[in-house]
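**Q** For reference, this is my_file_33.cif, and it has mmCIF, N, CA and C atoms.
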```cif
data_data
loop_
_atom_site.label_atom_id
_atom_site.label_comp_id
_atom_site.auth_asym_id
_atom_site.auth_seq_id
_atom_site.Cartn_x
_atom_site.Cartn_y
_atom_site.Cartn_z
N MET A 1 -28.59 -31.29 67.17
CA MET A 1 -29.37 -30.80 68.30
C MET A 1 -30.72 -30.29 67.78
N LYS A 2 -31.75 -30.60 68.53
CA LYS A 2 -33.07 -30.12 68.12
C LYS A 2 -33.70 -29.35 69.28
N PRO A 3 -34.46 -28.30 68.97
CA PRO A 3 -35.10 -27.51 70.02
C PRO A 3 -36.14 -28.33 70.78
N VAL A 4 -36.14 -28.21 72.11
CA VAL A 4 -37.15 -28.87 72.92
C VAL A 4 -37.99 -27.86 73.69
N GLY A 5 -37.55 -26.61 73.73
CA GLY A 5 -38.34 -25.63 74.45
C GLY A 5 -37.67 -24.28 74.54
N LYS A 6 -38.34 -23.40 75.29
CA LYS A 6 -37.89 -22.03 75.45
C LYS A 6 -38.07 -21.63 76.92
N VAL A 7 -37.07 -20.95 77.47
CA VAL A 7 -37.14 -20.50 78.85
C VAL A 7 -38.14 -19.34 78.94
N THR A 8 -39.14 -19.48 79.81
CA THR A 8 -40.13 -18.41 79.98
C THR A 8 -39.91 -17.65 81.28
N HIS A 9 -39.17 -18.27 82.23
CA HIS A 9 -38.89 -17.59 83.50
C HIS A 9 -37.69 -18.26 84.16
N TYR A 10 -37.00 -17.49 85.01
CA TYR A 10 -35.87 -18.02 85.76
C TYR A 10 -35.95 -17.54 87.20
N TYR A 11 -35.87 -18.47 88.12
CA TYR A 11 -35.87 -18.14 89.55
C TYR A 11 -34.44 -18.24 90.06
N GLY A 12 -33.81 -17.10 90.32
CA GLY A 12 -32.41 -17.05 90.69
C GLY A 12 -32.08 -17.71 92.01
N LYS A 13 -32.91 -17.48 93.02
CA LYS A 13 -32.60 -18.04 94.35
C LYS A 13 -32.59 -19.56 94.34
N SER A 14 -33.55 -20.16 93.67
CA SER A 14 -33.63 -21.62 93.63
C SER A 14 -32.94 -22.22 92.41
N GLU A 15 -32.44 -21.36 91.51
CA GLU A 15 -31.77 -21.79 90.27
C GLU A 15 -32.63 -22.75 89.45
N VAL A 16 -33.88 -22.33 89.23
CA VAL A 16 -34.82 -23.13 88.46
C VAL A 16 -35.27 -22.35 87.24
N ALA A 17 -35.23 -23.02 86.09
CA ALA A 17 -35.72 -22.43 84.84
C ALA A 17 -37.09 -23.03 84.55
N ILE A 18 -38.02 -22.18 84.10
CA ILE A 18 -39.33 -22.64 83.65
C ILE A 18 -39.27 -22.70 82.12
N VAL A 19 -39.56 -23.88 81.59
CA VAL A 19 -39.41 -24.11 80.15
C VAL A 19 -40.72 -24.59 79.56
N ASP A 20 -41.14 -23.92 78.48
CA ASP A 20 -42.33 -24.30 77.71
C ASP A 20 -41.86 -25.29 76.65
N LEU A 21 -42.26 -26.55 76.76
CA LEU A 21 -41.74 -27.60 75.87
C LEU A 21 -42.44 -27.65 74.52
N VAL A 22 -41.63 -27.87 73.46
CA VAL A 22 -42.16 -28.09 72.12
C VAL A 22 -41.84 -29.51 71.66
N ALA A 23 -41.19 -30.28 72.55
CA ALA A 23 -40.84 -31.68 72.28
C ALA A 23 -40.68 -32.38 73.63
N PRO A 24 -40.78 -33.70 73.66
CA PRO A 24 -40.65 -34.43 74.93
C PRO A 24 -39.26 -34.25 75.56
N LEU A 25 -39.20 -34.34 76.89
CA LEU A 25 -37.95 -34.24 77.63
C LEU A 25 -38.03 -35.17 78.82
N LYS A 26 -36.92 -35.80 79.16
CA LYS A 26 -36.93 -36.72 80.31
C LYS A 26 -35.66 -36.57 81.14
N VAL A 27 -35.74 -37.03 82.37
CA VAL A 27 -34.58 -37.02 83.26
C VAL A 27 -33.49 -37.87 82.61
N GLY A 28 -32.26 -37.36 82.60
CA GLY A 28 -31.15 -38.06 81.97
C GLY A 28 -30.78 -37.49 80.61
N ASP A 29 -31.71 -36.74 79.99
CA ASP A 29 -31.40 -36.11 78.70
C ASP A 29 -30.34 -35.04 78.89
N LYS A 30 -29.48 -34.89 77.88
CA LYS A 30 -28.49 -33.82 77.89
C LYS A 30 -29.06 -32.66 77.09
N ILE A 31 -29.05 -31.47 77.68
CA ILE A 31 -29.62 -30.30 77.02
C ILE A 31 -28.61 -29.16 76.98
N LYS A 32 -28.87 -28.22 76.09
CA LYS A 32 -28.03 -27.03 75.97
C LYS A 32 -28.93 -25.80 75.97
N PHE A 33 -28.55 -24.81 76.75
CA PHE A 33 -29.24 -23.51 76.75
C PHE A 33 -28.46 -22.59 75.84
N GLU A 34 -29.17 -21.89 74.95
CA GLU A 34 -28.50 -21.07 73.96
C GLU A 34 -29.25 -19.76 73.74
N GLY A 35 -28.51 -18.67 73.67
CA GLY A 35 -29.09 -17.37 73.36
C GLY A 35 -29.35 -16.53 74.58
N HIS A 36 -29.48 -15.24 74.36
CA HIS A 36 -29.75 -14.26 75.42
C HIS A 36 -28.70 -14.33 76.53
N GLY A 37 -27.44 -14.56 76.16
CA GLY A 37 -26.36 -14.60 77.14
C GLY A 37 -26.18 -15.95 77.81
N SER A 38 -27.01 -16.93 77.44
CA SER A 38 -26.90 -18.27 78.01
C SER A 38 -26.26 -19.19 76.98
N ASP A 39 -25.25 -19.94 77.39
CA ASP A 39 -24.62 -20.89 76.47
C ASP A 39 -23.89 -21.95 77.29
N PHE A 40 -24.62 -22.98 77.71
CA PHE A 40 -24.01 -24.07 78.46
C PHE A 40 -24.84 -25.34 78.30
N GLU A 41 -24.19 -26.47 78.59
CA GLU A 41 -24.85 -27.77 78.51
C GLU A 41 -24.96 -28.37 79.90
N GLN A 42 -25.97 -29.19 80.11
CA GLN A 42 -26.12 -29.92 81.36
C GLN A 42 -27.03 -31.11 81.14
N THR A 43 -26.99 -32.03 82.08
CA THR A 43 -27.90 -33.19 82.07
C THR A 43 -29.11 -32.84 82.94
N VAL A 44 -30.29 -33.26 82.49
CA VAL A 44 -31.51 -33.02 83.26
C VAL A 44 -31.50 -33.96 84.48
N ASP A 45 -31.36 -33.38 85.67
CA ASP A 45 -31.34 -34.17 86.91
C ASP A 45 -32.72 -34.34 87.51
N SER A 46 -33.58 -33.34 87.31
CA SER A 46 -34.94 -33.42 87.84
C SER A 46 -35.87 -32.55 87.02
N LEU A 47 -37.11 -32.98 86.93
CA LEU A 47 -38.16 -32.25 86.21
C LEU A 47 -39.36 -32.13 87.13
N GLN A 48 -40.04 -31.00 87.04
CA GLN A 48 -41.29 -30.84 87.77
C GLN A 48 -42.36 -30.29 86.83
N VAL A 49 -43.56 -30.83 86.97
CA VAL A 49 -44.74 -30.32 86.29
C VAL A 49 -45.76 -30.03 87.38
N ASP A 50 -46.22 -28.79 87.46
CA ASP A 50 -47.15 -28.38 88.52
C ASP A 50 -46.62 -28.72 89.92
N HIS A 51 -45.34 -28.48 90.15
CA HIS A 51 -44.67 -28.70 91.44
C HIS A 51 -44.61 -30.16 91.86
N GLU A 52 -44.82 -31.08 90.91
CA GLU A 52 -44.71 -32.51 91.18
C GLU A 52 -43.52 -33.06 90.40
N ASN A 53 -42.67 -33.84 91.06
CA ASN A 53 -41.54 -34.46 90.37
C ASN A 53 -42.04 -35.48 89.37
N VAL A 54 -41.47 -35.44 88.15
CA VAL A 54 -41.82 -36.39 87.10
C VAL A 54 -40.53 -36.88 86.44
N ASP A 55 -40.61 -38.04 85.79
CA ASP A 55 -39.45 -38.58 85.08
C ASP A 55 -39.39 -38.09 83.64
N SER A 56 -40.55 -37.70 83.11
CA SER A 56 -40.59 -37.21 81.73
C SER A 56 -41.75 -36.25 81.56
N ALA A 57 -41.65 -35.44 80.52
CA ALA A 57 -42.70 -34.47 80.20
C ALA A 57 -42.89 -34.47 78.69
N LYS A 58 -44.10 -34.12 78.27
CA LYS A 58 -44.41 -34.17 76.85
C LYS A 58 -44.53 -32.77 76.25
N LYS A 59 -44.58 -32.75 74.93
CA LYS A 59 -44.77 -31.50 74.20
C LYS A 59 -45.99 -30.77 74.76
N GLY A 60 -45.86 -29.47 75.00
CA GLY A 60 -46.96 -28.67 75.52
C GLY A 60 -46.91 -28.49 77.02
N ASP A 61 -46.13 -29.34 77.73
CA ASP A 61 -45.99 -29.17 79.17
C ASP A 61 -45.10 -27.97 79.49
N VAL A 62 -45.35 -27.37 80.63
CA VAL A 62 -44.48 -26.32 81.15
C VAL A 62 -43.78 -26.94 82.36
N VAL A 63 -42.46 -27.03 82.28
CA VAL A 63 -41.69 -27.73 83.31
C VAL A 63 -40.75 -26.79 84.05
N GLY A 64 -40.45 -27.17 85.27
CA GLY A 64 -39.41 -26.51 86.03
C GLY A 64 -38.22 -27.45 86.09
N LEU A 65 -37.02 -26.91 85.84
CA LEU A 65 -35.86 -27.76 85.96
C LEU A 65 -34.70 -26.99 86.58
N LYS A 66 -33.96 -27.68 87.43
CA LYS A 66 -32.81 -27.11 88.12
C LYS A 66 -31.70 -26.88 87.10
N VAL A 67 -31.10 -25.70 87.14
CA VAL A 67 -30.03 -25.39 86.19
C VAL A 67 -28.74 -25.06 86.93
N GLY A 68 -27.62 -25.31 86.26
CA GLY A 68 -26.31 -25.10 86.87
C GLY A 68 -25.79 -23.70 86.72
N SER A 69 -26.38 -22.91 85.82
CA SER A 69 -25.96 -21.53 85.59
C SER A 69 -27.20 -20.68 85.36
N LYS A 70 -27.01 -19.38 85.47
CA LYS A 70 -28.12 -18.46 85.23
C LYS A 70 -28.55 -18.51 83.77
N VAL A 71 -29.85 -18.54 83.54
CA VAL A 71 -30.39 -18.47 82.18
C VAL A 71 -31.34 -17.29 82.10
N ARG A 72 -31.53 -16.79 80.90
CA ARG A 72 -32.41 -15.65 80.71
C ARG A 72 -33.67 -16.07 79.97
N GLU A 73 -34.74 -15.33 80.24
CA GLU A 73 -36.00 -15.58 79.52
C GLU A 73 -35.76 -15.45 78.03
N GLY A 74 -36.32 -16.36 77.26
CA GLY A 74 -36.16 -16.33 75.81
C GLY A 74 -35.06 -17.25 75.31
N ALA A 75 -34.22 -17.77 76.21
CA ALA A 75 -33.17 -18.70 75.79
C ALA A 75 -33.81 -19.96 75.22
N ILE A 76 -33.21 -20.50 74.19
CA ILE A 76 -33.70 -21.72 73.56
C ILE A 76 -33.06 -22.92 74.25
N VAL A 77 -33.86 -23.97 74.47
CA VAL A 77 -33.35 -25.20 75.06
C VAL A 77 -33.27 -26.25 73.95
N LEU A 78 -32.08 -26.79 73.75
CA LEU A 78 -31.84 -27.78 72.71
C LEU A 78 -31.50 -29.12 73.35
N LYS A 79 -31.97 -30.20 72.75
CA LYS A 79 -31.59 -31.54 73.22
C LYS A 79 -30.35 -31.97 72.46
N VAL A 80 -29.32 -32.34 73.21
CA VAL A 80 -28.06 -32.79 72.61
C VAL A 80 -28.22 -34.26 72.27
N GLU A 81 -28.10 -34.57 70.98
CA GLU A 81 -28.28 -35.95 70.52
C GLU A 81 -27.04 -36.76 70.86
N ALA A 82 -27.24 -38.02 71.24
CA ALA A 82 -26.12 -38.93 71.51
C ALA A 82 -25.37 -39.20 70.22
N GLU A 83 -24.07 -39.22 70.32
CA GLU A 83 -23.25 -39.41 69.10
C GLU A 83 -23.02 -40.88 68.82
#
```
Would you mind writing the file out in structure tokens?
**A**
Amino acid sequence: MKPVGKVTHYYGKSEVAIVDLVAPLKVGDKIKFEGHGSDFEQTVDSLQVDHENVDSAKKGDVVGLKVGSKVREGAIVLKVEAE
């Protein structure tokens, strides 16, 4: 697993995490949230950059993504490599 970003904000009502990317990420990637009380895996179902739906985002983008569980600011986002 390699780090792809860090959670900078979490919106509880809409269950959206804001992630500052340090590596590319795309819809369909499997990711894991780790640290600060967050520890779960999920598949990226949707990504938004500046409130626009996108299929992929690059290093340096700040993305919003729907999450299945609560995450905390500072949690690390890891990309789960295919085995």
**Q** Tell me, as a PyMOL selection string, which residues lie within 8 Å of stretch 13-28 of chain A, counting only N, CA and C atoms; anything in the same chain fewer than 6 positions away does not count.
**A** chain A and resi 3-7+42-47+54-71+77
**Q** Take the residues that were just selected and, keeping N, CA and C atoms, output them as a PDB file, in the coordinates of the input.
**A**
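Result file follows (out.pdb):
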```
ATOM      1  N   PRO A   3     -34.460 -28.300  68.970  1.00  0.00           N
ATOM      2  CA  PRO A   3     -35.100 -27.510  70.020  1.00  0.00           C
ATOM      3  C   PRO A   3     -36.140 -28.330  70.780  1.00  0.00           C
ATOM      4  N   VAL A   4     -36.140 -28.210  72.110  1.00  0.00           N
ATOM      5  CA  VAL A   4     -37.150 -28.870  72.920  1.00  0.00           C
ATOM      6  C   VAL A   4     -37.990 -27.860  73.690  1.00  0.00           C
ATOM      7  N   GLY A   5     -37.550 -26.610  73.730  1.00  0.00           N
ATOM      8  CA  GLY A   5     -38.340 -25.630  74.450  1.00  0.00           C
ATOM      9  C   GLY A   5     -37.670 -24.280  74.540  1.00  0.00           C
ATOM     10  N   LYS A   6     -38.340 -23.400  75.290  1.00  0.00           N
ATOM     11  CA  LYS A   6     -37.890 -22.030  75.450  1.00  0.00           C
ATOM     12  C   LYS A   6     -38.070 -21.630  76.920  1.00  0.00           C
ATOM     13  N   VAL A   7     -37.070 -20.950  77.470  1.00  0.00           N
ATOM     14  CA  VAL A   7     -37.140 -20.500  78.850  1.00  0.00           C
ATOM     15  C   VAL A   7     -38.140 -19.340  78.940  1.00  0.00           C
ATOM     16  N   GLN A  42     -25.970 -29.190  80.110  1.00  0.00           N
ATOM     17  CA  GLN A  42     -26.120 -29.920  81.360  1.00  0.00           C
ATOM     18  C   GLN A  42     -27.030 -31.110  81.140  1.00  0.00           C
ATOM     19  N   THR A  43     -26.990 -32.030  82.080  1.00  0.00           N
ATOM     20  CA  THR A  43     -27.900 -33.190  82.070  1.00  0.00           C
ATOM     21  C   THR A  43     -29.110 -32.840  82.940  1.00  0.00           C
ATOM     22  N   VAL A  44     -30.290 -33.260  82.490  1.00  0.00           N
ATOM     23  CA  VAL A  44     -31.510 -33.020  83.260  1.00  0.00           C
ATOM     24  C   VAL A  44     -31.500 -33.960  84.480  1.00  0.00           C
ATOM     25  N   ASP A  45     -31.360 -33.380  85.670  1.00  0.00           N
ATOM     26  CA  ASP A  45     -31.340 -34.170  86.910  1.00  0.00           C
ATOM     27  C   ASP A  45     -32.720 -34.340  87.510  1.00  0.00           C
ATOM     28  N   SER A  46     -33.580 -33.340  87.310  1.00  0.00           N
ATOM     29  CA  SER A  46     -34.940 -33.420  87.840  1.00  0.00           C
ATOM     30  C   SER A  46     -35.870 -32.550  87.020  1.00  0.00           C
ATOM     31  N   LEU A  47     -37.110 -32.980  86.930  1.00  0.00           N
ATOM     32  CA  LEU A  47     -38.160 -32.250  86.210  1.00  0.00           C
ATOM     33  C   LEU A  47     -39.360 -32.130  87.130  1.00  0.00           C
ATOM     34  N   VAL A  54     -41.470 -35.440  88.150  1.00  0.00           N
ATOM     35  CA  VAL A  54     -41.820 -36.390  87.100  1.00  0.00           C
ATOM     36  C   VAL A  54     -40.530 -36.880  86.440  1.00  0.00           C
ATOM     37  N   ASP A  55     -40.610 -38.040  85.790  1.00  0.00           N
ATOM     38  CA  ASP A  55     -39.450 -38.580  85.080  1.00  0.00           C
ATOM     39  C   ASP A  55     -39.390 -38.090  83.640  1.00  0.00           C
ATOM     40  N   SER A  56     -40.550 -37.700  83.110  1.00  0.00           N
ATOM     41  CA  SER A  56     -40.590 -37.210  81.730  1.00  0.00           C
ATOM     42  C   SER A  56     -41.750 -36.250  81.560  1.00  0.00           C
ATOM     43  N   ALA A  57     -41.650 -35.440  80.520  1.00  0.00           N
ATOM     44  CA  ALA A  57     -42.700 -34.470  80.200  1.00  0.00           C
ATOM     45  C   ALA A  57     -42.890 -34.470  78.690  1.00  0.00           C
ATOM     46  N   LYS A  58     -44.100 -34.120  78.270  1.00  0.00           N
ATOM     47  CA  LYS A  58     -44.410 -34.170  76.850  1.00  0.00           C
ATOM     48  C   LYS A  58     -44.530 -32.770  76.250  1.00  0.00           C
ATOM     49  N   LYS A  59     -44.580 -32.750  74.930  1.00  0.00           N
ATOM     50  CA  LYS A  59     -44.770 -31.500  74.200  1.00  0.00           C
ATOM     51  C   LYS A  59     -45.990 -30.770  74.760  1.00  0.00           C
ATOM     52  N   GLY A  60     -45.860 -29.470  75.000  1.00  0.00           N
ATOM     53  CA  GLY A  60     -46.960 -28.670  75.520  1.00  0.00           C
ATOM     54  C   GLY A  60     -46.910 -28.490  77.020  1.00  0.00           C
ATOM     55  N   ASP A  61     -46.130 -29.340  77.730  1.00  0.00           N
ATOM     56  CA  ASP A  61     -45.990 -29.170  79.170  1.00  0.00           C
ATOM     57  C   ASP A  61     -45.100 -27.970  79.490  1.00  0.00           C
ATOM     58  N   VAL A  62     -45.350 -27.370  80.630  1.00  0.00           N
ATOM     59  CA  VAL A  62     -44.480 -26.320  81.150  1.00  0.00           C
ATOM     60  C   VAL A  62     -43.780 -26.940  82.360  1.00  0.00           C
ATOM     61  N   VAL A  63     -42.460 -27.030  82.280  1.00  0.00           N
ATOM     62  CA  VAL A  63     -41.690 -27.730  83.310  1.00  0.00           C
ATOM     63  C   VAL A  63     -40.750 -26.790  84.050  1.00  0.00           C
ATOM     64  N   GLY A  64     -40.450 -27.170  85.270  1.00  0.00           N
ATOM     65  CA  GLY A  64     -39.410 -26.510  86.030  1.00  0.00           C
ATOM     66  C   GLY A  64     -38.220 -27.450  86.090  1.00  0.00           C
ATOM     67  N   LEU A  65     -37.020 -26.910  85.840  1.00  0.00           N
ATOM     68  CA  LEU A  65     -35.860 -27.760  85.960  1.00  0.00           C
ATOM     69  C   LEU A  65     -34.700 -26.990  86.580  1.00  0.00           C
ATOM     70  N   LYS A  66     -33.960 -27.680  87.430  1.00  0.00           N
ATOM     71  CA  LYS A  66     -32.810 -27.110  88.120  1.00  0.00           C
ATOM     72  C   LYS A  66     -31.700 -26.880  87.100  1.00  0.00           C
ATOM     73  N   VAL A  67     -31.100 -25.700  87.140  1.00  0.00           N
ATOM     74  CA  VAL A  67     -30.030 -25.390  86.190  1.00  0.00           C
ATOM     75  C   VAL A  67     -28.740 -25.060  86.930  1.00  0.00           C
ATOM     76  N   GLY A  68     -27.620 -25.310  86.260  1.00  0.00           N
ATOM     77  CA  GLY A  68     -26.310 -25.100  86.870  1.00  0.00           C
ATOM     78  C   GLY A  68     -25.790 -23.700  86.720  1.00  0.00           C
ATOM     79  N   SER A  69     -26.380 -22.910  85.820  1.00  0.00           N
ATOM     80  CA  SER A  69     -25.960 -21.530  85.590  1.00  0.00           C
ATOM     81  C   SER A  69     -27.200 -20.680  85.360  1.00  0.00           C
ATOM     82  N   LYS A  70     -27.010 -19.380  85.470  1.00  0.00           N
ATOM     83  CA  LYS A  70     -28.120 -18.460  85.230  1.00  0.00           C
ATOM     84  C   LYS A  70     -28.550 -18.510  83.770  1.00  0.00           C
ATOM     85  N   VAL A  71     -29.850 -18.540  83.540  1.00  0.00           N
ATOM     86  CA  VAL A  71     -30.390 -18.470  82.180  1.00  0.00           C
ATOM     87  C   VAL A  71     -31.340 -17.290  82.100  1.00  0.00           C
ATOM     88  N   VAL A  77     -33.860 -23.970  74.470  1.00  0.00           N
ATOM     89  CA  VAL A  77     -33.350 -25.200  75.060  1.00  0.00           C
ATOM     90  C   VAL A  77     -33.270 -26.250  73.950  1.00  0.00           C
TER      91      VAL A  77
END
```
**Q** Residues within 7 Å of A:Lys2, please, as a PyMOL selection string. Count all atoms listed in the file; anything in the same chain fewer than 6 positions from it doesn't count.
**A** chain A and resi 77-81
**Q** Go through stretch 30-74 of chain A and collect every residue that DSSP, computed from the backbone, puts in strand (DSSP E or B); the answer should be as an MDAnalysis selection string.
**A** chainID A and resid 30:35 38:43 47:49 52:54 56:57 62:66
**Q** Would you save the residues of that selection, restricted to N, CA and C atoms, as a short mmCIF file (atom, residue, chain, number, x, y, z; two decimals), in the coordinates of the input?
**A**
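What landed in result-v2.cif:
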```
data_model
loop_
_atom_site.label_atom_id
_atom_site.label_comp_id
_atom_site.auth_asym_id
_atom_site.auth_seq_id
_atom_site.Cartn_x
_atom_site.Cartn_y
_atom_site.Cartn_z
N LYS A 30 -29.48 -34.89 77.88
CA LYS A 30 -28.49 -33.82 77.89
C LYS A 30 -29.06 -32.66 77.09
N ILE A 31 -29.05 -31.47 77.68
CA ILE A 31 -29.62 -30.30 77.02
C ILE A 31 -28.61 -29.16 76.98
N LYS A 32 -28.87 -28.22 76.09
CA LYS A 32 -28.03 -27.03 75.97
C LYS A 32 -28.93 -25.80 75.97
N PHE A 33 -28.55 -24.81 76.75
CA PHE A 33 -29.24 -23.51 76.75
C PHE A 33 -28.46 -22.59 75.84
N GLU A 34 -29.17 -21.89 74.95
CA GLU A 34 -28.50 -21.07 73.96
C GLU A 34 -29.25 -19.76 73.74
N GLY A 35 -28.51 -18.67 73.67
CA GLY A 35 -29.09 -17.37 73.36
C GLY A 35 -29.35 -16.53 74.58
N SER A 38 -27.01 -16.93 77.44
CA SER A 38 -26.90 -18.27 78.01
C SER A 38 -26.26 -19.19 76.98
N ASP A 39 -25.25 -19.94 77.39
CA ASP A 39 -24.62 -20.89 76.47
C ASP A 39 -23.89 -21.95 77.29
N PHE A 40 -24.62 -22.98 77.71
CA PHE A 40 -24.01 -24.07 78.46
C PHE A 40 -24.84 -25.34 78.30
N GLU A 41 -24.19 -26.47 78.59
CA GLU A 41 -24.85 -27.77 78.51
C GLU A 41 -24.96 -28.37 79.90
N GLN A 42 -25.97 -29.19 80.11
CA GLN A 42 -26.12 -29.92 81.36
C GLN A 42 -27.03 -31.11 81.14
N THR A 43 -26.99 -32.03 82.08
CA THR A 43 -27.90 -33.19 82.07
C THR A 43 -29.11 -32.84 82.94
N LEU A 47 -37.11 -32.98 86.93
CA LEU A 47 -38.16 -32.25 86.21
C LEU A 47 -39.36 -32.13 87.13
N GLN A 48 -40.04 -31.00 87.04
CA GLN A 48 -41.29 -30.84 87.77
C GLN A 48 -42.36 -30.29 86.83
N VAL A 49 -43.56 -30.83 86.97
CA VAL A 49 -44.74 -30.32 86.29
C VAL A 49 -45.76 -30.03 87.38
N GLU A 52 -44.82 -31.08 90.91
CA GLU A 52 -44.71 -32.51 91.18
C GLU A 52 -43.52 -33.06 90.40
N ASN A 53 -42.67 -33.84 91.06
CA ASN A 53 -41.54 -34.46 90.37
C ASN A 53 -42.04 -35.48 89.37
N VAL A 54 -41.47 -35.44 88.15
CA VAL A 54 -41.82 -36.39 87.10
C VAL A 54 -40.53 -36.88 86.44
N SER A 56 -40.55 -37.70 83.11
CA SER A 56 -40.59 -37.21 81.73
C SER A 56 -41.75 -36.25 81.56
N ALA A 57 -41.65 -35.44 80.52
CA ALA A 57 -42.70 -34.47 80.20
C ALA A 57 -42.89 -34.47 78.69
N VAL A 62 -45.35 -27.37 80.63
CA VAL A 62 -44.48 -26.32 81.15
C VAL A 62 -43.78 -26.94 82.36
N VAL A 63 -42.46 -27.03 82.28
CA VAL A 63 -41.69 -27.73 83.31
C VAL A 63 -40.75 -26.79 84.05
N GLY A 64 -40.45 -27.17 85.27
CA GLY A 64 -39.41 -26.51 86.03
C GLY A 64 -38.22 -27.45 86.09
N LEU A 65 -37.02 -26.91 85.84
CA LEU A 65 -35.86 -27.76 85.96
C LEU A 65 -34.70 -26.99 86.58
N LYS A 66 -33.96 -27.68 87.43
CA LYS A 66 -32.81 -27.11 88.12
C LYS A 66 -31.70 -26.88 87.10
#
```
**Q** Applied to the shown file, which residues does the PyMOL selection byres (((chain A and resi 37 and name CA) around 9) and name CA) return, written as a list of chain:residue names?
**A**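 With the PyMOL selection byres (((chain A and resi 37 and name CA) around 9) and name CA) on this model, the match is A:Glu34, A:Gly35, A:His36, A:Ser38, A:Asp39, A:Val71, A:Arg72, A:Ala75.
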**Q** With only C-alpha atoms as the basis for distance, which of A:His9, A:Ala82, A:Met1, A:Glu73 is at the shortest distance from A:Lys32?
**A**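 Under the stated criterion, the closest residue is A:Met1.
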